[in-house]
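Next up, query_14.csv (CSV, C-alpha atoms):
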```csv
chain,number,residue,atom,x,y,z
A,203,MET,CA,-12.8,-23.3,32.6
A,204,GLU,CA,-14.4,-20.3,34.2
A,205,THR,CA,-12.3,-17.3,35.3
A,206,LYS,CA,-13.3,-15.5,38.5
A,207,LEU,CA,-13.1,-11.7,38.1
A,208,THR,CA,-11.4,-9.8,40.9
A,209,ASN,CA,-12.5,-6.4,41.9
A,210,SER,CA,-9.5,-4.8,40.1
A,211,MET,CA,-10.3,-6.7,36.9
A,212,THR,CA,-13.9,-5.5,37.1
A,213,ASP,CA,-12.8,-1.9,37.7
A,214,LEU,CA,-10.5,-2.2,34.7
A,215,MET,CA,-13.2,-3.5,32.5
A,216,THR,CA,-15.6,-0.8,33.7
A,217,THR,CA,-13.0,1.9,33.0
A,218,TYR,CA,-12.4,0.5,29.5
A,219,PHE,CA,-16.1,0.4,28.7
A,220,GLU,CA,-16.7,3.9,29.9
A,221,ASN,CA,-13.7,5.4,28.1
A,222,ALA,CA,-13.7,3.3,24.9
A,223,PRO,CA,-13.1,5.4,21.8
A,224,VAL,CA,-16.3,4.1,20.2
A,225,ALA,CA,-20.0,4.4,21.2
A,226,ILE,CA,-21.2,1.2,23.0
A,227,MET,CA,-24.8,0.4,24.1
A,228,LEU,CA,-26.0,-2.7,25.9
A,229,PHE,CA,-29.6,-3.9,25.5
A,230,GLN,CA,-31.9,-6.5,27.0
A,231,ASP,CA,-34.5,-7.2,24.4
A,232,ASP,CA,-35.0,-3.7,23.0
A,233,ASP,CA,-34.5,-1.8,26.2
A,234,LEU,CA,-31.2,0.2,26.7
A,235,ILE,CA,-29.7,-0.9,30.0
A,236,LEU,CA,-26.2,0.7,29.7
A,237,SER,CA,-24.2,3.0,27.5
A,238,ASN,CA,-20.8,4.5,27.7
A,239,ARG,CA,-19.6,8.1,27.5
A,240,GLN,CA,-19.1,8.2,23.7
A,241,ALA,CA,-22.6,6.8,23.2
A,242,GLN,CA,-24.2,9.5,25.4
A,243,CYS,CA,-22.3,12.2,23.6
A,244,LEU,CA,-23.3,10.8,20.2
A,245,HIS,CA,-26.9,10.7,21.4
A,246,ASP,CA,-26.8,14.3,22.5
A,247,HIS,CA,-25.4,15.3,19.2
A,248,LEU,CA,-27.6,13.3,16.8
A,249,HIS,CA,-30.7,12.8,18.9
A,250,PHE,CA,-31.3,9.2,17.7
A,251,ASP,CA,-33.6,6.7,19.3
A,252,PRO,CA,-31.6,3.7,20.8
A,253,ARG,CA,-34.8,1.6,20.7
A,254,TYR,CA,-35.2,2.2,17.0
A,255,LEU,CA,-31.6,1.2,16.3
A,256,ILE,CA,-31.7,-2.0,18.2
A,257,GLN,CA,-35.1,-2.9,16.6
A,258,MET,CA,-33.6,-2.2,13.2
A,259,ALA,CA,-30.5,-4.4,14.0
A,260,GLN,CA,-32.7,-7.2,15.4
A,261,ALA,CA,-34.9,-7.2,12.2
A,262,ALA,CA,-31.8,-7.3,10.0
A,263,ALA,CA,-30.4,-10.2,12.1
A,264,LYS,CA,-33.7,-12.0,11.7
A,265,ASP,CA,-33.7,-11.5,7.9
A,266,ARG,CA,-30.1,-12.6,7.8
A,267,ASN,CA,-30.8,-15.8,9.7
A,268,ALA,CA,-33.8,-16.6,7.6
A,269,SER,CA,-31.7,-16.5,4.5
A,270,ARG,CA,-29.6,-19.4,5.8
A,271,ILE,CA,-32.0,-22.1,4.6
A,272,GLY,CA,-31.0,-25.4,6.0
A,273,CYS,CA,-27.8,-23.9,7.5
A,274,SER,CA,-28.9,-22.2,10.8
A,275,ASP,CA,-27.7,-25.2,12.9
A,276,CYS,CA,-24.3,-25.6,11.4
A,277,ALA,CA,-21.2,-24.9,13.5
A,278,VAL,CA,-20.2,-21.9,11.4
A,279,CYS,CA,-23.5,-20.2,11.7
A,280,GLN,CA,-23.6,-20.7,15.4
A,281,VAL,CA,-20.6,-18.3,15.8
A,282,LEU,CA,-21.8,-15.8,13.2
A,283,ASN,CA,-23.6,-13.7,15.8
A,284,GLU,CA,-22.2,-10.3,14.8
A,285,PHE,CA,-22.6,-8.1,11.7
A,286,SER,CA,-22.3,-4.5,10.7
A,287,MET,CA,-24.5,-2.1,8.7
A,288,PRO,CA,-24.4,1.7,7.8
A,289,VAL,CA,-26.6,3.8,10.0
A,290,LEU,CA,-27.0,7.4,11.2
A,291,CYS,CA,-26.0,10.5,9.3
A,292,GLY,CA,-25.6,14.0,10.7
A,293,ASP,CA,-25.2,17.2,8.7
A,294,GLU,CA,-23.8,17.3,5.2
A,295,GLN,CA,-20.3,17.8,6.4
A,296,GLU,CA,-20.4,14.8,8.7
A,297,SER,CA,-19.9,11.2,7.6
A,298,GLY,CA,-22.3,8.5,8.6
A,299,TYR,CA,-21.7,5.8,11.1
A,300,TYR,CA,-21.4,2.0,11.0
A,301,MET,CA,-23.4,0.0,13.5
A,302,VAL,CA,-22.0,-3.3,14.7
A,303,TYR,CA,-24.7,-5.6,16.3
A,304,LYS,CA,-23.6,-8.5,18.5
A,305,LEU,CA,-25.8,-11.0,20.3
A,306,LEU,CA,-24.1,-11.5,23.7
A,307,ASP,CA,-26.5,-13.9,25.4
A,308,ASP,CA,-29.5,-15.5,23.6
A,309,GLU,CA,-31.2,-16.8,26.7
A,310,GLN,CA,-31.1,-13.5,28.5
A,311,ALA,CA,-31.7,-11.5,25.2
A,312,LEU,CA,-28.6,-9.5,25.8
A,313,SER,CA,-27.0,-7.7,22.9
A,314,SER,CA,-24.7,-4.8,22.1
A,315,LEU,CA,-24.5,-2.0,19.5
A,316,THR,CA,-21.2,-0.4,18.7
A,317,LEU,CA,-21.3,2.8,16.6
A,318,LYS,CA,-18.2,3.7,14.6
A,319,ASN,CA,-17.7,7.0,12.8
A,320,GLN,CA,-17.0,6.3,9.1
A,321,ALA,CA,-14.7,9.4,8.9
A,322,ALA,CA,-12.5,7.9,11.6
A,323,ILE,CA,-12.5,4.6,9.8
A,324,ASP,CA,-11.5,6.3,6.6
A,325,HIS,CA,-8.8,8.3,8.4
A,326,VAL,CA,-7.3,5.1,9.8
A,327,ARG,CA,-7.4,3.5,6.4
A,328,THR,CA,-5.7,6.5,4.9
A,329,LEU,CA,-3.0,6.4,7.5
A,330,ALA,CA,-2.5,2.7,6.8
A,331,ASP,CA,-2.3,3.3,3.0
A,332,HIS,CA,0.3,6.1,3.6
A,333,GLU,CA,2.3,3.8,5.8
A,334,ARG,CA,2.1,0.9,3.3
A,335,ASN,CA,3.2,3.3,0.5
A,336,LYS,CA,6.0,4.6,2.7
A,337,GLN,CA,7.2,1.0,3.4
A,338,THR,CA,7.0,0.1,-0.3
A,339,ALA,CA,9.0,3.1,-1.3
A,340,MET,CA,11.6,2.5,1.4
A,341,HIS,CA,11.9,-1.2,0.3
A,342,ALA,CA,12.4,-0.1,-3.3
A,343,SER,CA,15.0,2.5,-2.3
A,344,GLU,CA,16.9,-0.1,-0.2
A,345,LEU,CA,17.0,-2.5,-3.1
A,346,GLU,CA,18.1,0.3,-5.4
A,347,ARG,CA,20.9,1.3,-3.0
A,348,LYS,CA,22.1,-2.3,-2.9
A,349,ARG,CA,22.1,-2.5,-6.6
A,350,ILE,CA,24.0,0.7,-7.0
A,351,SER,CA,26.6,-0.5,-4.4
A,352,ALA,CA,27.0,-3.7,-6.4
A,353,ASP,CA,27.4,-1.8,-9.7
A,354,LEU,CA,29.9,0.6,-8.2
A,355,HIS,CA,32.0,-2.3,-7.0
A,356,ASP,CA,31.6,-4.8,-9.9
A,357,ASN,CA,31.5,-2.4,-12.8
A,358,ILE,CA,32.6,1.2,-12.2
A,359,ALA,CA,35.5,0.4,-9.8
A,360,GLN,CA,36.7,-2.5,-11.9
A,361,GLY,CA,36.7,-0.3,-15.0
A,362,VAL,CA,38.6,2.5,-13.4
A,363,TYR,CA,41.1,0.1,-11.9
A,364,SER,CA,41.6,-1.5,-15.3
A,365,ALA,CA,42.3,1.9,-16.8
A,366,ILE,CA,44.7,2.9,-14.0
A,367,MET,CA,46.7,-0.3,-14.5
A,368,GLY,CA,46.7,0.3,-18.3
A,369,VAL,CA,48.2,3.8,-17.8
A,370,LYS,CA,50.8,2.4,-15.4
A,371,HIS,CA,51.8,-0.2,-17.9
A,372,LEU,CA,52.2,2.5,-20.6
A,373,SER,CA,54.8,4.3,-18.4
A,374,SER,CA,56.7,1.3,-17.3
A,375,CYS,CA,57.1,-0.7,-20.5
A,376,PRO,CA,58.9,0.3,-23.7
A,377,LEU,CA,56.4,0.2,-26.5
A,378,SER,CA,56.5,0.7,-30.2
A,379,GLU,CA,54.4,3.5,-31.7
A,380,PRO,CA,51.7,1.1,-33.0
A,381,GLU,CA,51.6,-0.8,-29.6
A,382,LEU,CA,51.3,2.5,-27.7
A,383,LYS,CA,48.5,3.7,-30.0
A,384,THR,CA,46.6,0.4,-29.6
A,385,ARG,CA,46.8,0.3,-25.8
A,386,THR,CA,46.0,4.0,-25.6
A,387,LEU,CA,42.8,3.4,-27.6
A,388,ALA,CA,42.0,0.4,-25.4
A,389,ILE,CA,42.2,2.5,-22.3
A,390,ALA,CA,40.1,5.2,-23.8
A,391,ASP,CA,37.4,2.7,-24.8
A,392,GLU,CA,37.5,1.3,-21.2
A,393,LEU,CA,37.0,4.8,-19.8
A,394,LYS,CA,34.2,5.5,-22.3
A,395,ASN,CA,32.4,2.4,-21.3
A,396,THR,CA,32.8,3.3,-17.6
A,397,LEU,CA,31.4,6.7,-18.3
A,398,VAL,CA,28.4,5.2,-20.0
A,399,GLU,CA,27.8,3.0,-17.0
A,400,VAL,CA,28.1,6.1,-14.7
A,401,LYS,CA,25.5,7.9,-16.8
A,402,ASP,CA,23.2,4.9,-16.7
A,403,MET,CA,23.5,4.8,-12.9
A,404,ALA,CA,22.7,8.5,-12.7
A,405,LEU,CA,19.5,7.9,-14.8
A,406,ASP,CA,18.6,5.1,-12.4
A,407,VAL,CA,19.2,7.1,-9.3
A,408,ARG,CA,17.3,10.3,-10.4
A,409,PRO,CA,16.4,10.7,-14.0
A,410,SER,CA,16.3,14.4,-15.0
A,411,VAL,CA,13.3,13.7,-17.2
A,412,LEU,CA,11.3,13.0,-14.0
A,413,ASP,CA,11.9,16.5,-12.8
A,414,GLN,CA,11.4,18.1,-16.2
A,415,PHE,CA,8.6,16.2,-17.8
A,416,GLY,CA,7.0,14.1,-15.0
A,417,LEU,CA,6.4,10.4,-14.2
A,418,PHE,CA,5.0,9.2,-17.5
A,419,ALA,CA,7.9,10.5,-19.5
A,420,ALA,CA,10.4,9.1,-17.0
A,421,LEU,CA,8.9,5.7,-17.1
A,422,LYS,CA,8.7,5.7,-20.9
A,423,THR,CA,12.4,6.7,-21.1
A,424,LEU,CA,13.3,3.9,-18.6
A,425,ALA,CA,11.2,1.4,-20.6
A,426,LYS,CA,12.9,2.3,-23.8
A,427,ARG,CA,16.4,1.9,-22.3
A,428,LEU,CA,15.5,-1.4,-20.7
A,429,GLN,CA,13.9,-2.6,-23.9
A,430,THR,CA,17.1,-1.7,-25.9
A,431,ASN,CA,19.3,-3.6,-23.4
A,432,SER,CA,17.1,-6.6,-23.0
A,433,GLY,CA,15.2,-7.0,-26.2
A,434,VAL,CA,11.9,-7.4,-24.3
A,435,ALA,CA,9.0,-5.2,-25.5
A,436,ILE,CA,8.1,-2.8,-22.7
A,437,SER,CA,5.1,-0.4,-22.9
A,438,VAL,CA,3.9,2.3,-20.4
A,439,LEU,CA,0.2,3.0,-20.7
A,440,GLY,CA,-2.7,4.5,-18.6
A,441,ASN,CA,-5.2,7.2,-18.0
A,442,ALA,CA,-3.5,8.7,-14.9
A,443,HIS,CA,-2.3,12.3,-14.5
A,444,PRO,CA,0.7,11.8,-12.2
A,445,GLU,CA,2.1,15.2,-12.9
A,446,GLU,CA,-0.5,16.5,-10.4
A,447,LEU,CA,1.0,14.3,-7.6
A,448,PRO,CA,3.7,15.6,-5.2
A,449,ARG,CA,7.3,15.0,-6.3
A,450,PRO,CA,8.0,12.4,-3.5
A,451,VAL,CA,5.0,10.4,-4.6
A,452,GLN,CA,6.0,10.4,-8.2
A,453,SER,CA,9.5,9.3,-7.2
A,454,ALA,CA,8.0,6.5,-5.1
A,455,LEU,CA,5.9,5.3,-8.0
A,456,TYR,CA,8.9,5.5,-10.3
A,457,ARG,CA,11.0,3.3,-7.9
A,458,VAL,CA,8.2,0.8,-7.6
A,459,ALA,CA,7.7,0.5,-11.4
A,460,GLN,CA,11.5,0.4,-11.9
A,461,GLU,CA,11.8,-2.5,-9.4
A,462,ALA,CA,8.9,-4.3,-11.0
A,463,MET,CA,10.5,-4.1,-14.5
A,464,ASN,CA,14.0,-5.0,-13.3
A,465,ASN,CA,12.7,-8.0,-11.3
A,466,THR,CA,10.5,-9.1,-14.2
A,467,LEU,CA,13.5,-9.0,-16.6
A,468,LYS,CA,15.7,-11.0,-14.1
A,469,HIS,CA,13.3,-13.6,-13.0
A,470,ALA,CA,10.2,-14.0,-15.2
A,471,ASN,CA,11.7,-14.9,-18.6
A,472,ALA,CA,9.4,-12.2,-20.0
A,473,THR,CA,8.6,-11.6,-23.7
A,474,GLU,CA,6.5,-8.5,-23.1
A,475,ILE,CA,5.9,-6.1,-20.2
A,476,ASP,CA,3.1,-3.6,-19.9
A,477,VAL,CA,3.2,-1.0,-17.1
A,478,LEU,CA,-0.2,0.6,-16.4
A,479,LEU,CA,-0.9,3.8,-14.4
A,480,ILE,CA,-4.6,3.8,-13.7
A,481,GLU,CA,-6.2,6.8,-11.9
A,482,HIS,CA,-9.2,6.2,-9.6
A,483,ASP,CA,-11.2,8.6,-7.5
A,484,HIS,CA,-8.8,8.8,-4.6
A,485,PHE,CA,-5.8,6.7,-5.6
A,486,ILE,CA,-3.5,5.7,-8.5
A,487,THR,CA,-2.7,2.1,-9.3
A,488,CYS,CA,0.7,1.2,-10.8
A,489,LYS,CA,0.3,-2.3,-12.3
A,490,SER,CA,2.8,-4.4,-14.2
A,491,LEU,CA,1.5,-7.0,-16.6
A,492,THR,CA,3.9,-9.6,-17.9
A,493,MET,CA,3.7,-12.1,-20.8
A,494,ALA,CA,6.2,-14.8,-20.2
A,495,THR,CA,7.2,-17.7,-22.5
A,496,GLY,CA,4.5,-20.3,-22.9
A,497,LEU,CA,1.8,-17.5,-23.1
A,498,THR,CA,1.5,-17.2,-19.3
A,499,PHE,CA,0.6,-13.9,-17.7
A,500,GLN,CA,1.7,-12.5,-14.3
A,501,SER,CA,0.9,-9.2,-12.6
A,502,THR,CA,2.0,-7.0,-9.7
A,503,LYS,CA,0.2,-4.0,-8.4
A,504,HIS,CA,0.9,-1.0,-6.1
A,505,SER,CA,-1.5,1.7,-5.2
A,506,THR,CA,-0.9,5.2,-3.7
A,507,ALA,CA,-3.5,7.6,-2.4
A,508,ILE,CA,-4.0,11.0,-4.1
A,509,HIS,CA,-5.9,12.8,-1.3
```

Here is a file; write its structure as C-alpha cells.
Amino acid sequence: METKLTNSMTDLMTTYFENAPVAIMLFQDDDLILSNRQAQCLHDHLHFDPRYLIQMAQAAAKDRNASRIGCSDCAVCQVLNEFSMPVLCGDEQESGYYMVYKLLDDEQALSSLTLKNQAAIDHVRTLADHERNKQTAMHASELERKRISADLHDNIAQGVYSAIMGVKHLSSCPLSEPELKTRTLAIADELKNTLVEVKDMALDVRPSVLDQFGLFAALKTLAKRLQTNSGVAISVLGNAHPEELPRPVQSALYRVAQEAMNNTLKHANATEIDVLLIEHDHFITCKSLTMATGLTFQSTKHSTAIH
C-alpha cells in the first residue's frame, strides 16, 4: 500500500535530512546529486572526493556479492543491501570515520553514503557502558539493602528481643544462684552472637579493608569468610590493578562480585568458586566461574570501563 506524502511530510523529511547529525550523501551511479549540511562541512574539513568514496563502496559491494556463490538470489541476500566499512582519517588527533553504503533503488542506480565519526560512536558506547555499570551497581545495592533489612528483622532484632525478654525474666522470677548464673550466661551468649552478626553486616555494607588495602584484599577477605561459613572453596585471582580505579568503581565491582558469590552459594549447589579480575586496555572484567556438583561449569561476567 503506497502512502501519499503531503507537503508538510515532505518538508519534515527535508528538514531532517538537512539537519541530521551524520553526513549523508545521495548518488546516482557515481555522481553526487545531494548532500546534507554535515556532509558539506565534512567535505570542507577533510577535502575528500565523493566520487572516490562511492566507487570504493560500489567495488566493495560488488566483491561482497560475488562472494555469495549460489546465494545471491535467496530471500536473505535480497535484503542485505547495506554494509559499513572504515574510511577517511583526518589528523593524528582525529579518529577515522565509518562509511555506511546502502543501495536505495537498483533500477535507477540510486544509493546513499552515510559517514559516522568513530569518536562519536566510541563516546556513545562509553556512555552506554557507564549507564550499564551504574544500573548494575544500583541493582546490586538494592539487593544488598533488601538483604540487610531482612537480616535486621530476622536476626538482629530477634536476638536483641530475646535478650530483653531474658533480662525481664531475671528480674521477675525468683531464681537460685545456679539458675541465675546459667540464664545470665545464656543472655550473654545471645548478645555475643548478635554482636557477631552486627559485625558481619558491617563488613558486608562497607568492609574497612576495601578503604585500607583495595578491592583485591577486600574480595579475598570476603571469599575467606564465605568459605568458612559455607565450606565451598572460593578463590580470587586475576591480573588487574583495581587500586588505580576510583573508589566508587571499586565499590561497584565489590558489590557485583559479592552478589555473584552469594547468589552462587544460594542457588548453584557449588563446590568451587573462582572470581577473576582481568584487566584489558580500557576496561576490567569481573568474572565468576563456578564448579557445581556433577562437574558442570557456570559463569557470570561484568565489565567496567577504566577510561

Tell me which protein, DNA and RNA residues are within 8 Å of segment 441-455 of chain A, counting all atoms listed in the file, leaving out same-chain ones fewer than 3 positions away, and put them as a list in words.
-> Ala339, Leu412, Gly416, Leu417, Phe418, Val458, Ala459, Leu479, Ile480, Glu481, Ile486, Cys488, Thr506 and Ile508 of chain A

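With distances taken over all atoms listed in the file, A:Gln310 is the one residue among A:Phe250, A:Gln310, A:Met211, A:Tyr299 lying closest to Phe229 of chain A.
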
For the point (-31.5, -11.5, 29.2) in file coordinates, what residues are within 12 Å, counting all atoms listed in the file? Give the answer as a PDB file with C-alpha atoms, in the coordinates of the input?
```
ATOM      1  CA  LEU A 228     -26.000  -2.700  25.900  1.00  0.00           C
ATOM      2  CA  PHE A 229     -29.600  -3.900  25.500  1.00  0.00           C
ATOM      3  CA  GLN A 230     -31.900  -6.500  27.000  1.00  0.00           C
ATOM      4  CA  ASP A 231     -34.500  -7.200  24.400  1.00  0.00           C
ATOM      5  CA  ASP A 232     -35.000  -3.700  23.000  1.00  0.00           C
ATOM      6  CA  ASP A 233     -34.500  -1.800  26.200  1.00  0.00           C
ATOM      7  CA  LEU A 234     -31.200   0.200  26.700  1.00  0.00           C
ATOM      8  CA  ILE A 235     -29.700  -0.900  30.000  1.00  0.00           C
ATOM      9  CA  LEU A 305     -25.800 -11.000  20.300  1.00  0.00           C
ATOM     10  CA  LEU A 306     -24.100 -11.500  23.700  1.00  0.00           C
ATOM     11  CA  ASP A 307     -26.500 -13.900  25.400  1.00  0.00           C
ATOM     12  CA  ASP A 308     -29.500 -15.500  23.600  1.00  0.00           C
ATOM     13  CA  GLU A 309     -31.200 -16.800  26.700  1.00  0.00           C
ATOM     14  CA  GLN A 310     -31.100 -13.500  28.500  1.00  0.00           C
ATOM     15  CA  ALA A 311     -31.700 -11.500  25.200  1.00  0.00           C
ATOM     16  CA  LEU A 312     -28.600  -9.500  25.800  1.00  0.00           C
ATOM     17  CA  SER A 313     -27.000  -7.700  22.900  1.00  0.00           C
ATOM     18  CA  SER A 314     -24.700  -4.800  22.100  1.00  0.00           C
TER      19      SER A 314
END
```

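Between atom CA of Lys318 of chain A and atom CA of Ile226 of chain A the separation is 9.3 Å.
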
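Atom CA of Leu393 of chain A sits 6.7 Å away from atom CA of Ala365 of chain A.
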
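Straight-line separation from atom CA of Ser410 of chain A to atom CA of Tyr456 of chain A: 12.5 Å.
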
Taking (5.8, -5.2, -22.6) in the file's coordinates as the center, which residues reach within 12 Å of it, counting all atoms listed in the file, put as a PyMOL selection string?
-> chain A and resi 422+425-426+428-429+432-439+463+466-467+472-478+490-494+499-501

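Distance annotation: of A:Arg253, A:Arg239, A:Lys304, A:Arg385, the residue with the minimal separation from Ala225 of chain A is A:Arg239; atom set is all atoms listed in the file.
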
Using only C-alpha atoms, pick whichever of A:His484, A:His249, A:Asn431, A:Lys264 has the shortest atom-to-atom distance to Asn464 of chain A.
-> A:Asn431

Option closest in space to Ile350 of chain A, from A:Val400, A:Leu236, A:Glu333, A:Leu214 [counting only C-alpha atoms] = A:Val400

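Proximity ranking of A:Asn335, A:Thr423, A:Thr386, A:Gln414 relative to Asp402 of chain A places A:Thr423 first, based on all atoms listed in the file.
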